[in-house]
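Heads up, entry-v9.cif below (mmCIF, C-alpha atoms):
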```cif
data_final
loop_
_atom_site.group_PDB
_atom_site.id
_atom_site.type_symbol
_atom_site.label_atom_id
_atom_site.label_comp_id
_atom_site.auth_asym_id
_atom_site.auth_seq_id
_atom_site.Cartn_x
_atom_site.Cartn_y
_atom_site.Cartn_z
ATOM 1 C CA MET A 1 -4.655 -40.735 12.846
ATOM 2 C CA ARG A 2 -4.980 -44.101 14.503
ATOM 3 C CA CYS A 3 -8.377 -45.046 13.137
ATOM 4 C CA LYS A 4 -10.279 -44.872 9.874
ATOM 5 C CA HIS A 5 -12.506 -41.994 8.830
ATOM 6 C CA GLY A 6 -15.608 -41.636 10.931
ATOM 7 C CA LYS A 7 -16.527 -43.090 14.311
ATOM 8 C CA ASN A 8 -14.491 -45.942 15.695
ATOM 9 C CA ASP A 9 -16.463 -48.880 17.080
ATOM 10 C CA GLY A 10 -17.005 -48.829 20.828
ATOM 11 C CA MET A 11 -17.060 -46.001 23.321
ATOM 12 C CA ILE A 12 -14.225 -45.358 25.738
ATOM 13 C CA THR A 13 -15.798 -45.241 29.177
ATOM 14 C CA SER A 14 -12.824 -45.570 31.515
ATOM 15 C CA ILE A 15 -9.992 -43.211 32.341
ATOM 16 C CA SER A 16 -7.866 -46.349 32.816
ATOM 17 C CA ASN A 17 -7.727 -46.648 29.022
ATOM 18 C CA SER A 18 -4.079 -46.258 27.970
ATOM 19 C CA ARG A 19 -4.811 -43.560 25.396
ATOM 20 C CA ILE A 20 -6.898 -41.566 27.859
ATOM 21 C CA LYS A 21 -4.106 -41.789 30.426
ATOM 22 C CA ASN A 22 -1.683 -40.517 27.811
ATOM 23 C CA ILE A 23 -3.872 -37.539 26.909
ATOM 24 C CA ILE A 24 -4.224 -36.561 30.562
ATOM 25 C CA ASN A 25 -0.453 -36.805 30.890
ATOM 26 C CA ILE A 26 0.063 -34.583 27.841
ATOM 27 C CA LYS A 27 -2.442 -32.078 29.188
ATOM 28 C CA ASN A 28 -0.722 -31.805 32.559
ATOM 29 C CA ASN A 29 2.940 -32.405 31.761
ATOM 30 C CA VAL A 30 5.190 -30.167 29.675
ATOM 31 C CA LYS A 31 7.797 -32.932 29.446
ATOM 32 C CA ALA A 32 5.230 -35.282 27.915
ATOM 33 C CA ARG A 33 4.290 -32.624 25.358
ATOM 34 C CA LYS A 34 7.939 -32.169 24.434
ATOM 35 C CA ARG A 35 8.676 -35.902 24.302
ATOM 36 C CA GLN A 36 5.686 -36.710 22.095
ATOM 37 C CA ASN A 37 5.876 -33.477 20.068
ATOM 38 C CA CYS A 38 2.169 -32.759 20.417
ATOM 39 C CA PHE A 39 -0.332 -30.830 22.519
ATOM 40 C CA LEU A 40 -4.011 -30.886 23.448
ATOM 41 C CA VAL A 41 -6.704 -28.762 21.823
ATOM 42 C CA GLU A 42 -10.180 -28.495 23.295
ATOM 43 C CA GLY A 43 -13.547 -27.124 22.191
ATOM 44 C CA PRO A 44 -15.178 -26.818 18.753
ATOM 45 C CA ARG A 45 -13.850 -23.371 17.904
ATOM 46 C CA MET A 46 -10.221 -24.437 18.333
ATOM 47 C CA PHE A 47 -10.734 -27.959 17.030
ATOM 48 C CA PHE A 48 -12.213 -26.943 13.682
ATOM 49 C CA GLU A 49 -9.279 -24.574 13.092
ATOM 50 C CA VAL A 50 -6.634 -27.300 13.414
ATOM 51 C CA PRO A 51 -4.905 -27.970 10.048
ATOM 52 C CA ALA A 52 -5.961 -31.445 8.934
ATOM 53 C CA ASP A 53 -2.399 -32.664 8.461
ATOM 54 C CA ARG A 54 -1.591 -31.915 12.104
ATOM 55 C CA LEU A 55 -4.438 -33.887 13.689
ATOM 56 C CA LEU A 56 -3.171 -36.988 15.495
ATOM 57 C CA GLU A 57 -6.103 -38.182 17.600
ATOM 58 C CA VAL A 58 -9.651 -36.890 18.087
ATOM 59 C CA TYR A 59 -12.041 -37.707 20.929
ATOM 60 C CA VAL A 60 -15.683 -36.612 21.030
ATOM 61 C CA THR A 61 -18.798 -37.298 23.046
ATOM 62 C CA GLU A 62 -21.813 -38.863 21.348
ATOM 63 C CA ASP A 63 -23.724 -35.613 21.664
ATOM 64 C CA PHE A 64 -20.933 -33.658 19.934
ATOM 65 C CA ALA A 65 -20.692 -36.272 17.184
ATOM 66 C CA GLU A 66 -24.428 -36.050 16.573
ATOM 67 C CA ARG A 67 -24.447 -32.227 16.437
ATOM 68 C CA HIS A 68 -21.435 -32.049 14.103
ATOM 69 C CA ARG A 69 -21.975 -35.201 12.068
ATOM 70 C CA GLU A 70 -21.361 -33.540 8.693
ATOM 71 C CA ARG A 71 -18.163 -31.728 9.713
ATOM 72 C CA LEU A 72 -16.801 -34.904 11.297
ATOM 73 C CA SER A 73 -17.555 -37.100 8.282
ATOM 74 C CA ALA A 74 -14.009 -36.806 6.904
ATOM 75 C CA ILE A 75 -12.270 -36.954 10.300
ATOM 76 C CA SER A 76 -11.248 -40.045 12.236
ATOM 77 C CA TYR A 77 -12.377 -39.983 15.842
ATOM 78 C CA GLU A 78 -13.112 -41.992 18.958
ATOM 79 C CA THR A 79 -16.186 -41.513 21.114
ATOM 80 C CA VAL A 80 -15.818 -41.115 24.854
ATOM 81 C CA SER A 81 -18.316 -40.996 27.675
ATOM 82 C CA ASP A 82 -19.252 -37.689 29.285
ATOM 83 C CA SER A 83 -17.349 -38.773 32.396
ATOM 84 C CA VAL A 84 -14.143 -39.425 30.439
ATOM 85 C CA CYS A 85 -14.591 -36.138 28.585
ATOM 86 C CA HIS A 86 -14.815 -34.339 31.926
ATOM 87 C CA HIS A 87 -11.509 -35.865 33.047
ATOM 88 C CA LEU A 88 -9.837 -34.919 29.774
ATOM 89 C CA SER A 89 -11.092 -31.351 29.828
ATOM 90 C CA ASP A 90 -9.095 -28.453 31.229
ATOM 91 C CA THR A 91 -12.238 -26.347 31.693
ATOM 92 C CA LYS A 92 -15.168 -26.473 34.110
ATOM 93 C CA THR A 93 -17.649 -26.961 31.279
ATOM 94 C CA PRO A 94 -16.325 -29.501 28.725
ATOM 95 C CA GLN A 95 -17.468 -28.863 25.154
ATOM 96 C CA GLY A 96 -17.396 -32.430 23.922
ATOM 97 C CA VAL A 97 -14.280 -32.512 21.749
ATOM 98 C CA MET A 98 -10.541 -32.632 22.245
ATOM 99 C CA ALA A 99 -7.680 -33.521 19.964
ATOM 100 C CA LEU A 100 -3.994 -34.239 20.042
ATOM 101 C CA VAL A 101 -2.231 -31.947 17.580
ATOM 102 C CA LYS A 102 1.273 -32.179 16.181
ATOM 103 C CA LYS A 103 3.569 -29.295 17.042
ATOM 104 C CA GLN A 104 4.936 -27.210 14.196
ATOM 105 C CA GLU A 105 7.691 -24.792 15.117
ATOM 106 C CA MET A 106 9.902 -22.818 12.760
ATOM 107 C CA THR A 107 13.665 -22.589 12.857
ATOM 108 C CA MET A 108 15.315 -19.276 13.630
ATOM 109 C CA ASP A 109 16.978 -19.234 10.212
ATOM 110 C CA ALA A 110 13.641 -19.652 8.428
ATOM 111 C CA LEU A 111 11.951 -17.032 10.588
ATOM 112 C CA LEU A 112 14.573 -14.389 9.861
ATOM 113 C CA TYR A 113 13.972 -14.385 6.142
ATOM 114 C CA ILE A 114 10.199 -14.732 5.798
ATOM 115 C CA GLU A 115 9.899 -11.149 4.606
ATOM 116 C CA LYS A 116 12.046 -8.163 3.698
ATOM 117 C CA ASN A 117 11.442 -5.980 6.761
ATOM 118 C CA PRO A 118 10.443 -8.402 9.499
ATOM 119 C CA CYS A 119 9.024 -7.496 12.892
ATOM 120 C CA PHE A 120 9.835 -9.767 15.824
ATOM 121 C CA PHE A 121 8.989 -9.834 19.507
ATOM 122 C CA LEU A 122 11.444 -11.465 21.890
ATOM 123 C CA LEU A 123 9.821 -12.666 25.113
ATOM 124 C CA GLU A 124 12.094 -13.134 28.112
ATOM 125 C CA ASN A 125 10.878 -15.328 31.001
ATOM 126 C CA LEU A 126 7.196 -14.555 30.394
ATOM 127 C CA GLN A 127 5.162 -16.599 32.897
ATOM 128 C CA ASP A 128 1.488 -15.749 32.568
ATOM 129 C CA PRO A 129 -0.440 -18.030 30.163
ATOM 130 C CA GLY A 130 -2.953 -15.292 29.410
ATOM 131 C CA ASN A 131 -0.213 -12.859 28.461
ATOM 132 C CA MET A 132 1.465 -15.404 26.202
ATOM 133 C CA GLY A 133 -1.790 -16.302 24.476
ATOM 134 C CA THR A 134 -2.777 -12.666 24.012
ATOM 135 C CA ILE A 135 0.608 -11.807 22.521
ATOM 136 C CA LEU A 136 0.392 -14.659 20.010
ATOM 137 C CA ARG A 137 -3.154 -13.701 19.053
ATOM 138 C CA THR A 138 -2.394 -9.988 18.728
ATOM 139 C CA ALA A 139 0.774 -10.752 16.791
ATOM 140 C CA GLU A 140 -1.252 -12.536 14.151
ATOM 141 C CA GLY A 141 -3.789 -9.726 14.042
ATOM 142 C CA THR A 142 -1.146 -7.056 13.516
ATOM 143 C CA GLY A 143 1.048 -8.929 11.054
ATOM 144 C CA VAL A 144 4.028 -9.558 13.328
ATOM 145 C CA THR A 145 6.512 -11.775 11.502
ATOM 146 C CA GLY A 146 7.185 -14.026 14.448
ATOM 147 C CA ILE A 147 7.587 -14.478 18.187
ATOM 148 C CA ILE A 148 10.883 -15.608 19.705
ATOM 149 C CA MET A 149 10.732 -16.838 23.306
ATOM 150 C CA ASN A 150 13.350 -18.289 25.602
ATOM 151 C CA ARG A 151 12.879 -21.667 27.251
ATOM 152 C CA TYR A 152 12.121 -20.060 30.621
ATOM 153 C CA CYS A 153 8.818 -18.714 29.307
ATOM 154 C CA VAL A 154 5.539 -20.443 30.052
ATOM 155 C CA ASP A 155 5.014 -23.364 27.689
ATOM 156 C CA PRO A 156 3.107 -21.996 24.663
ATOM 157 C CA TYR A 157 1.498 -25.435 24.290
ATOM 158 C CA SER A 158 -0.055 -25.513 27.751
ATOM 159 C CA PRO A 159 -3.865 -25.764 27.627
ATOM 160 C CA LYS A 160 -4.408 -22.263 29.023
ATOM 161 C CA VAL A 161 -2.088 -20.632 26.503
ATOM 162 C CA VAL A 162 -3.507 -22.630 23.590
ATOM 163 C CA ARG A 163 -7.048 -21.701 24.573
ATOM 164 C CA SER A 164 -6.268 -17.990 24.920
ATOM 165 C CA THR A 165 -4.671 -17.808 21.459
ATOM 166 C CA MET A 166 -8.115 -18.501 19.928
ATOM 167 C CA GLY A 167 -6.466 -20.392 17.062
ATOM 168 C CA SER A 168 -3.489 -18.132 16.436
ATOM 169 C CA ILE A 169 -1.132 -20.821 17.714
ATOM 170 C CA PHE A 170 -1.748 -22.624 14.416
ATOM 171 C CA ARG A 171 -0.838 -19.593 12.318
ATOM 172 C CA GLU A 172 1.527 -17.195 14.096
ATOM 173 C CA PRO A 173 5.148 -18.359 13.645
ATOM 174 C CA PHE A 174 7.202 -18.703 16.810
ATOM 175 C CA VAL A 175 10.513 -20.147 17.927
ATOM 176 C CA ILE A 176 11.669 -21.340 21.344
ATOM 177 C CA VAL A 177 15.389 -20.793 21.976
ATOM 178 C CA ASP A 178 17.659 -21.915 24.816
ATOM 179 C CA ASP A 179 19.017 -18.400 25.252
ATOM 180 C CA PHE A 180 19.099 -15.180 23.294
ATOM 181 C CA GLN A 181 22.828 -14.875 22.617
ATOM 182 C CA GLU A 182 22.750 -16.575 19.213
ATOM 183 C CA THR A 183 19.422 -14.899 18.443
ATOM 184 C CA LEU A 184 20.802 -11.431 19.122
ATOM 185 C CA ALA A 185 23.817 -12.142 16.938
ATOM 186 C CA ALA A 186 21.553 -13.339 14.115
ATOM 187 C CA LEU A 187 19.351 -10.239 14.385
ATOM 188 C CA LYS A 188 22.377 -7.982 14.242
ATOM 189 C CA LYS A 189 23.780 -9.826 11.218
ATOM 190 C CA ALA A 190 20.422 -9.446 9.441
ATOM 191 C CA GLY A 191 20.418 -5.685 10.072
ATOM 192 C CA ILE A 192 17.400 -5.754 12.377
ATOM 193 C CA ARG A 193 17.143 -2.841 14.804
ATOM 194 C CA THR A 194 16.435 -3.899 18.393
ATOM 195 C CA TYR A 195 14.296 -2.114 20.981
ATOM 196 C CA ALA A 196 13.919 -2.778 24.701
ATOM 197 C CA ALA A 197 10.709 -1.803 26.451
ATOM 198 C CA HIS A 198 12.039 0.087 29.475
ATOM 199 C CA LEU A 199 10.857 2.790 31.874
ATOM 200 C CA THR A 200 13.895 4.944 31.095
ATOM 201 C CA GLY A 201 13.494 4.713 27.311
ATOM 202 C CA GLU A 202 12.599 7.214 24.601
ATOM 203 C CA ASN A 203 8.998 7.863 23.607
ATOM 204 C CA VAL A 204 7.769 4.852 21.630
ATOM 205 C CA TYR A 205 5.914 7.115 19.181
ATOM 206 C CA GLN A 206 9.048 8.991 18.155
ATOM 207 C CA GLN A 207 10.767 6.009 16.538
ATOM 208 C CA ASP A 208 10.704 4.676 12.991
ATOM 209 C CA TYR A 209 9.670 1.013 12.837
ATOM 210 C CA ARG A 210 9.311 0.625 9.085
ATOM 211 C CA GLY A 211 12.553 -1.310 8.686
ATOM 212 C CA GLY A 212 13.437 -4.644 10.262
ATOM 213 C CA THR A 213 12.621 -4.421 13.966
ATOM 214 C CA ALA A 214 12.746 -6.575 17.072
ATOM 215 C CA PHE A 215 11.197 -5.664 20.426
ATOM 216 C CA PHE A 216 12.214 -7.120 23.795
ATOM 217 C CA ILE A 217 9.440 -7.819 26.315
ATOM 218 C CA GLY A 218 10.379 -8.897 29.840
ATOM 219 C CA ASN A 219 8.962 -10.870 32.719
ATOM 220 C CA GLU A 220 5.710 -9.619 34.250
ATOM 221 C CA GLY A 221 7.181 -8.987 37.681
ATOM 222 C CA ASN A 222 10.828 -8.191 37.028
ATOM 223 C CA GLY A 223 10.807 -6.708 33.537
ATOM 224 C CA LEU A 224 13.729 -7.219 31.185
ATOM 225 C CA SER A 225 17.018 -8.497 32.531
ATOM 226 C CA GLU A 226 19.922 -6.083 32.498
ATOM 227 C CA ASP A 227 21.656 -8.218 29.872
ATOM 228 C CA MET A 228 18.736 -7.954 27.460
ATOM 229 C CA THR A 229 18.242 -4.266 28.147
ATOM 230 C CA SER A 230 21.902 -3.563 27.456
ATOM 231 C CA ALA A 231 21.825 -5.623 24.278
ATOM 232 C CA ALA A 232 19.123 -3.447 22.665
ATOM 233 C CA GLU A 233 20.144 -0.601 20.398
ATOM 234 C CA VAL A 234 17.317 1.631 21.651
ATOM 235 C CA ARG A 235 15.321 1.769 24.872
ATOM 236 C CA ILE A 236 11.699 2.800 24.429
ATOM 237 C CA ARG A 237 8.847 3.564 26.796
ATOM 238 C CA ILE A 238 5.116 3.923 26.376
ATOM 239 C CA PRO A 239 4.064 7.380 27.633
ATOM 240 C CA MET A 240 1.376 7.304 30.326
ATOM 241 C CA LYS A 241 -0.569 9.774 32.401
ATOM 242 C CA GLY A 242 -1.669 9.541 35.990
ATOM 243 C CA ARG A 243 0.317 7.512 38.491
ATOM 244 C CA VAL A 244 0.611 4.382 36.348
ATOM 245 C CA GLU A 245 4.245 3.415 35.870
ATOM 246 C CA SER A 246 3.926 0.482 33.497
ATOM 247 C CA LEU A 247 1.575 -1.808 31.600
ATOM 248 C CA ASN A 248 1.501 -5.574 31.765
ATOM 249 C CA ALA A 249 3.497 -7.523 29.194
ATOM 250 C CA ALA A 250 0.630 -8.298 26.834
ATOM 251 C CA THR A 251 -0.734 -4.759 26.879
ATOM 252 C CA ALA A 252 2.704 -3.226 26.269
ATOM 253 C CA ALA A 253 3.341 -5.638 23.403
ATOM 254 C CA THR A 254 -0.065 -4.808 21.924
ATOM 255 C CA VAL A 255 0.667 -1.065 21.925
ATOM 256 C CA LEU A 256 3.974 -1.667 20.152
ATOM 257 C CA MET A 257 2.463 -4.062 17.614
ATOM 258 C CA TYR A 258 -0.229 -1.625 16.594
ATOM 259 C CA GLU A 259 2.228 1.250 16.311
ATOM 260 C CA VAL A 260 4.365 -0.849 13.947
ATOM 261 C CA MET A 261 1.300 -1.770 11.909
ATOM 262 C CA ARG A 262 0.164 1.866 11.785
ATOM 263 C CA GLN A 263 3.505 3.084 10.485
ATOM 264 C CA ARG A 264 3.771 0.346 7.902
ATOM 265 C CA MET A 265 0.214 0.803 6.665
ATOM 266 C CA ARG A 266 0.969 4.482 6.080
ATOM 267 C CA MET A 267 4.084 3.480 4.138
ATOM 268 C CA ASP A 268 1.934 1.225 1.914
ATOM 269 C CA ASP A 269 -0.634 3.943 1.143
#
```
What do you get writing this file as structure tokens?
Amino acid sequence: MRCKHGKNDGMITSISNSRIKNIINIKNNVKARKRQNCFLVEGPRMFFEVPADRLLEVYVTEDFAERHRERLSAISYETVSDSVCHHLSDTKTPQGVMALVKKQEMTMDALLYIEKNPCFFLLENLQDPGNMGTILRTAEGTGVTGIIMNRYCVDPYSPKVVRSTMGSIFREPFVIVDDFQETLAALKKAGIRTYAAHLTGENVYQQDYRGGTAFFIGNEGNGLSEDMTSAAEVRIRIPMKGRVESLNAATAATVLMYEVMRQRMRMDD
């Protein structure tokens, strides 16, 4: 943090302030987030879930500071005017607090050996922030070992993704890779069975997911690339009735995650 515990003297009232300009830049610019290795968190629910050792800067309105005086007593922060808060916010109704948070990503090597029979989801070119956030949140809720995404996916640190994770971005391990070639080789070496979600696949409920598994989820509009589909050991599909051909990426991933959890919970009984 850049200031001592508690409120810093003086209120920031201008968006011309250099730190405020920097926060706005980080909020709007993926390159700035990468260069400074941090991202923006907004709102009390997300803010109070941030691990203390990852907080870099905190900005609150006077009203927020007054309402949360006790919880802020051990946190360094700056006060900003309501007008500045509005400019910093990524929502229509600012909630009075935002913070810069240090990124914390795992390496692929560390992710592979977190547990004996890991479960991974590989996301290829996923573009919708809501889908990405939902997948991260559901992954935490179902015990998925980690998410592996290629660099063409939506930035997981964008404000919309961060907000939709509801805090899971601080807890669900994930890795961003340049491409999946090395990843696929590492999965194969580790004995992890790979599955591609595909319309021509086998029934998802007729597979055994109790060993090490990795599922491939493709782009919302185009699905998995042919390269990724071909690389999977097994193609699977979610059976559906009616005239529906497919589910969106987050929904399909959710179905798979819960089926893995169901099978593994039965194994633990």
Gap from atom CA of Val80 of chain A to atom CA of Gly10 of chain A - Å, one decimal: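 So the answer is 8.8 Å.
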Residues near Lys188 of chain A, cut-off 12 Å, all atoms listed in the file, skip fewer than 3 positions along chain, as a PyMOL selection string: chain A and resi 112+181-185+191-194+212-214+231-233
Store the residues picked out above, limited to C-alpha atoms, as a PDB file, keeping the file's coordinate frame.
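Here's the written file result-v2.pdb:
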```pdb
ATOM      1  CA  LEU A 112      14.573 -14.389   9.861  1.00  0.00           C
ATOM      2  CA  GLN A 181      22.828 -14.875  22.617  1.00  0.00           C
ATOM      3  CA  GLU A 182      22.750 -16.575  19.213  1.00  0.00           C
ATOM      4  CA  THR A 183      19.422 -14.899  18.443  1.00  0.00           C
ATOM      5  CA  LEU A 184      20.802 -11.431  19.122  1.00  0.00           C
ATOM      6  CA  ALA A 185      23.817 -12.142  16.938  1.00  0.00           C
ATOM      7  CA  GLY A 191      20.418  -5.685  10.072  1.00  0.00           C
ATOM      8  CA  ILE A 192      17.400  -5.754  12.377  1.00  0.00           C
ATOM      9  CA  ARG A 193      17.143  -2.841  14.804  1.00  0.00           C
ATOM     10  CA  THR A 194      16.435  -3.899  18.393  1.00  0.00           C
ATOM     11  CA  GLY A 212      13.437  -4.644  10.262  1.00  0.00           C
ATOM     12  CA  THR A 213      12.621  -4.421  13.966  1.00  0.00           C
ATOM     13  CA  ALA A 214      12.746  -6.575  17.072  1.00  0.00           C
ATOM     14  CA  ALA A 231      21.825  -5.623  24.278  1.00  0.00           C
ATOM     15  CA  ALA A 232      19.123  -3.447  22.665  1.00  0.00           C
ATOM     16  CA  GLU A 233      20.144  -0.601  20.398  1.00  0.00           C
TER      17      GLU A 233
END
```
Pick from A:Phe39, A:Phe64, A:Phe48, A:Tyr258 nearest to Val161 of chain A, counting only C-alpha atoms: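 Ranking A:Phe39, A:Phe64, A:Phe48, A:Tyr258 by distance to Val161 of chain A, first place goes to A:Phe39.
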Taking only residues of segment 79-183 of chain A that have an atom at most 8 Å from an atom of segment 52-57 of chain A, what is each one's shortest atom pair and its distance in Å to one decimal, using only C-alpha atoms, in chain and number order, as JSON lines?
```
{"residue": "A:Ala99", "atom": "CA", "partner": "A:Glu57", "partner_atom": "CA", "distance": 5.5}
{"residue": "A:Leu100", "atom": "CA", "partner": "A:Glu57", "partner_atom": "CA", "distance": 5.1}
{"residue": "A:Val101", "atom": "CA", "partner": "A:Leu55", "partner_atom": "CA", "distance": 4.9}
{"residue": "A:Lys102", "atom": "CA", "partner": "A:Arg54", "partner_atom": "CA", "distance": 5.0}
{"residue": "A:Lys103", "atom": "CA", "partner": "A:Arg54", "partner_atom": "CA", "distance": 7.6}
```
Residue members of the PyMOL selection byres ((chain A and resi 81) around 10) in the file shown, as a PyMOL selection string: chain A and resi 11-15+59-63+79-80+82-86+96
Resulting file, chosen residues, C-alpha atoms, as a PDB file, keeping the file's coordinate frame:
```pdb
ATOM      1  CA  MET A  11     -17.060 -46.001  23.321  1.00  0.00           C
ATOM      2  CA  ILE A  12     -14.225 -45.358  25.738  1.00  0.00           C
ATOM      3  CA  THR A  13     -15.798 -45.241  29.177  1.00  0.00           C
ATOM      4  CA  SER A  14     -12.824 -45.570  31.515  1.00  0.00           C
ATOM      5  CA  ILE A  15      -9.992 -43.211  32.341  1.00  0.00           C
ATOM      6  CA  TYR A  59     -12.041 -37.707  20.929  1.00  0.00           C
ATOM      7  CA  VAL A  60     -15.683 -36.612  21.030  1.00  0.00           C
ATOM      8  CA  THR A  61     -18.798 -37.298  23.046  1.00  0.00           C
ATOM      9  CA  GLU A  62     -21.813 -38.863  21.348  1.00  0.00           C
ATOM     10  CA  ASP A  63     -23.724 -35.613  21.664  1.00  0.00           C
ATOM     11  CA  THR A  79     -16.186 -41.513  21.114  1.00  0.00           C
ATOM     12  CA  VAL A  80     -15.818 -41.115  24.854  1.00  0.00           C
ATOM     13  CA  ASP A  82     -19.252 -37.689  29.285  1.00  0.00           C
ATOM     14  CA  SER A  83     -17.349 -38.773  32.396  1.00  0.00           C
ATOM     15  CA  VAL A  84     -14.143 -39.425  30.439  1.00  0.00           C
ATOM     16  CA  CYS A  85     -14.591 -36.138  28.585  1.00  0.00           C
ATOM     17  CA  HIS A  86     -14.815 -34.339  31.926  1.00  0.00           C
ATOM     18  CA  GLY A  96     -17.396 -32.430  23.922  1.00  0.00           C
TER      19      GLY A  96
END
```
Residue nearest Asn28 of chain A among A:Leu224, A:Leu40, A:Met106, A:Ala186 (counting all atoms listed in the file):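 Among the listed residues, the smallest separation from Asn28 of chain A belongs to A:Leu40.
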Length of the atom CA of Phe121 of chain A to atom CA of Thr138 of chain A vector [Å]: 11.4 Å
Which residue of A:Asn37, A:Ser16, A:Ser246, A:Ser164 approaches Asp128 of chain A most closely, using all atoms listed in the file: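 Once distances to Asp128 of chain A are computed over all atoms listed in the file, the minimum belongs to A:Ser164.
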Gap from atom CA of Glu78 of chain A to atom CA of Asn22 of chain A - Å, one decimal: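 Computing the Euclidean distance for atom CA of Glu78 of chain A and atom CA of Asn22 of chain A yields 14.5 Å.
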Reference answer for the PyMOL selection byres ((chain A and resi 109) around 12), as number ranges by chain: A: 105-108, 110-114, 146, 148, 174-175, 177, 182-183, 185-187, 189-190
Complete the atom set of segment 131-148 of chain A to N, CA and C atoms and return it as an mmCIF file, keeping the file's coordinate frame.
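Here's the written file rebuild29.cif:
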```cif
data_model
loop_
_atom_site.group_PDB
_atom_site.id
_atom_site.type_symbol
_atom_site.label_atom_id
_atom_site.label_comp_id
_atom_site.auth_asym_id
_atom_site.auth_seq_id
_atom_site.Cartn_x
_atom_site.Cartn_y
_atom_site.Cartn_z
ATOM 1 N N ASN A 131 -1.070 -13.797 29.182
ATOM 2 C CA ASN A 131 -0.213 -12.859 28.461
ATOM 3 C C ASN A 131 0.375 -13.499 27.209
ATOM 4 N N MET A 132 0.871 -14.722 27.351
ATOM 5 C CA MET A 132 1.465 -15.404 26.202
ATOM 6 C C MET A 132 0.431 -15.618 25.099
ATOM 7 N N GLY A 133 -0.747 -16.075 25.472
ATOM 8 C CA GLY A 133 -1.790 -16.302 24.476
ATOM 9 C C GLY A 133 -2.226 -15.027 23.791
ATOM 10 N N THR A 134 -2.379 -13.953 24.575
ATOM 11 C CA THR A 134 -2.777 -12.666 24.012
ATOM 12 C C THR A 134 -1.732 -12.138 23.041
ATOM 13 N N ILE A 135 -0.461 -12.280 23.398
ATOM 14 C CA ILE A 135 0.608 -11.807 22.521
ATOM 15 C C ILE A 135 0.598 -12.572 21.192
ATOM 16 N N LEU A 136 0.441 -13.876 21.246
ATOM 17 C CA LEU A 136 0.392 -14.659 20.010
ATOM 18 C C LEU A 136 -0.809 -14.267 19.148
ATOM 19 N N ARG A 137 -1.943 -14.066 19.794
ATOM 20 C CA ARG A 137 -3.154 -13.701 19.053
ATOM 21 C C ARG A 137 -3.041 -12.308 18.441
ATOM 22 N N THR A 138 -2.545 -11.347 19.232
ATOM 23 C CA THR A 138 -2.394 -9.988 18.728
ATOM 24 C C THR A 138 -1.327 -9.917 17.649
ATOM 25 N N ALA A 139 -0.288 -10.717 17.803
ATOM 26 C CA ALA A 139 0.774 -10.752 16.791
ATOM 27 C C ALA A 139 0.219 -11.156 15.431
ATOM 28 N N GLU A 140 -0.639 -12.148 15.424
ATOM 29 C CA GLU A 140 -1.252 -12.536 14.151
ATOM 30 C C GLU A 140 -2.108 -11.402 13.597
ATOM 31 N N GLY A 141 -2.881 -10.781 14.469
ATOM 32 C CA GLY A 141 -3.789 -9.726 14.042
ATOM 33 C C GLY A 141 -3.103 -8.478 13.529
ATOM 34 N N THR A 142 -1.861 -8.255 13.938
ATOM 35 C CA THR A 142 -1.146 -7.056 13.516
ATOM 36 C C THR A 142 -0.052 -7.340 12.491
ATOM 37 N N GLY A 143 0.080 -8.588 12.094
ATOM 38 C CA GLY A 143 1.048 -8.929 11.054
ATOM 39 C C GLY A 143 2.475 -9.066 11.526
ATOM 40 N N VAL A 144 2.672 -9.339 12.816
ATOM 41 C CA VAL A 144 4.028 -9.558 13.328
ATOM 42 C C VAL A 144 4.626 -10.796 12.656
ATOM 43 N N THR A 145 5.870 -10.683 12.230
ATOM 44 C CA THR A 145 6.512 -11.775 11.502
ATOM 45 C C THR A 145 6.642 -13.027 12.341
ATOM 46 N N GLY A 146 7.031 -12.868 13.596
ATOM 47 C CA GLY A 146 7.185 -14.026 14.448
ATOM 48 C C GLY A 146 7.532 -13.665 15.878
ATOM 49 N N ILE A 147 7.285 -14.625 16.775
ATOM 50 C CA ILE A 147 7.587 -14.478 18.187
ATOM 51 C C ILE A 147 8.762 -15.386 18.519
ATOM 52 N N ILE A 148 9.726 -14.836 19.264
ATOM 53 C CA ILE A 148 10.883 -15.608 19.705
ATOM 54 C C ILE A 148 10.874 -15.601 21.226
#
```
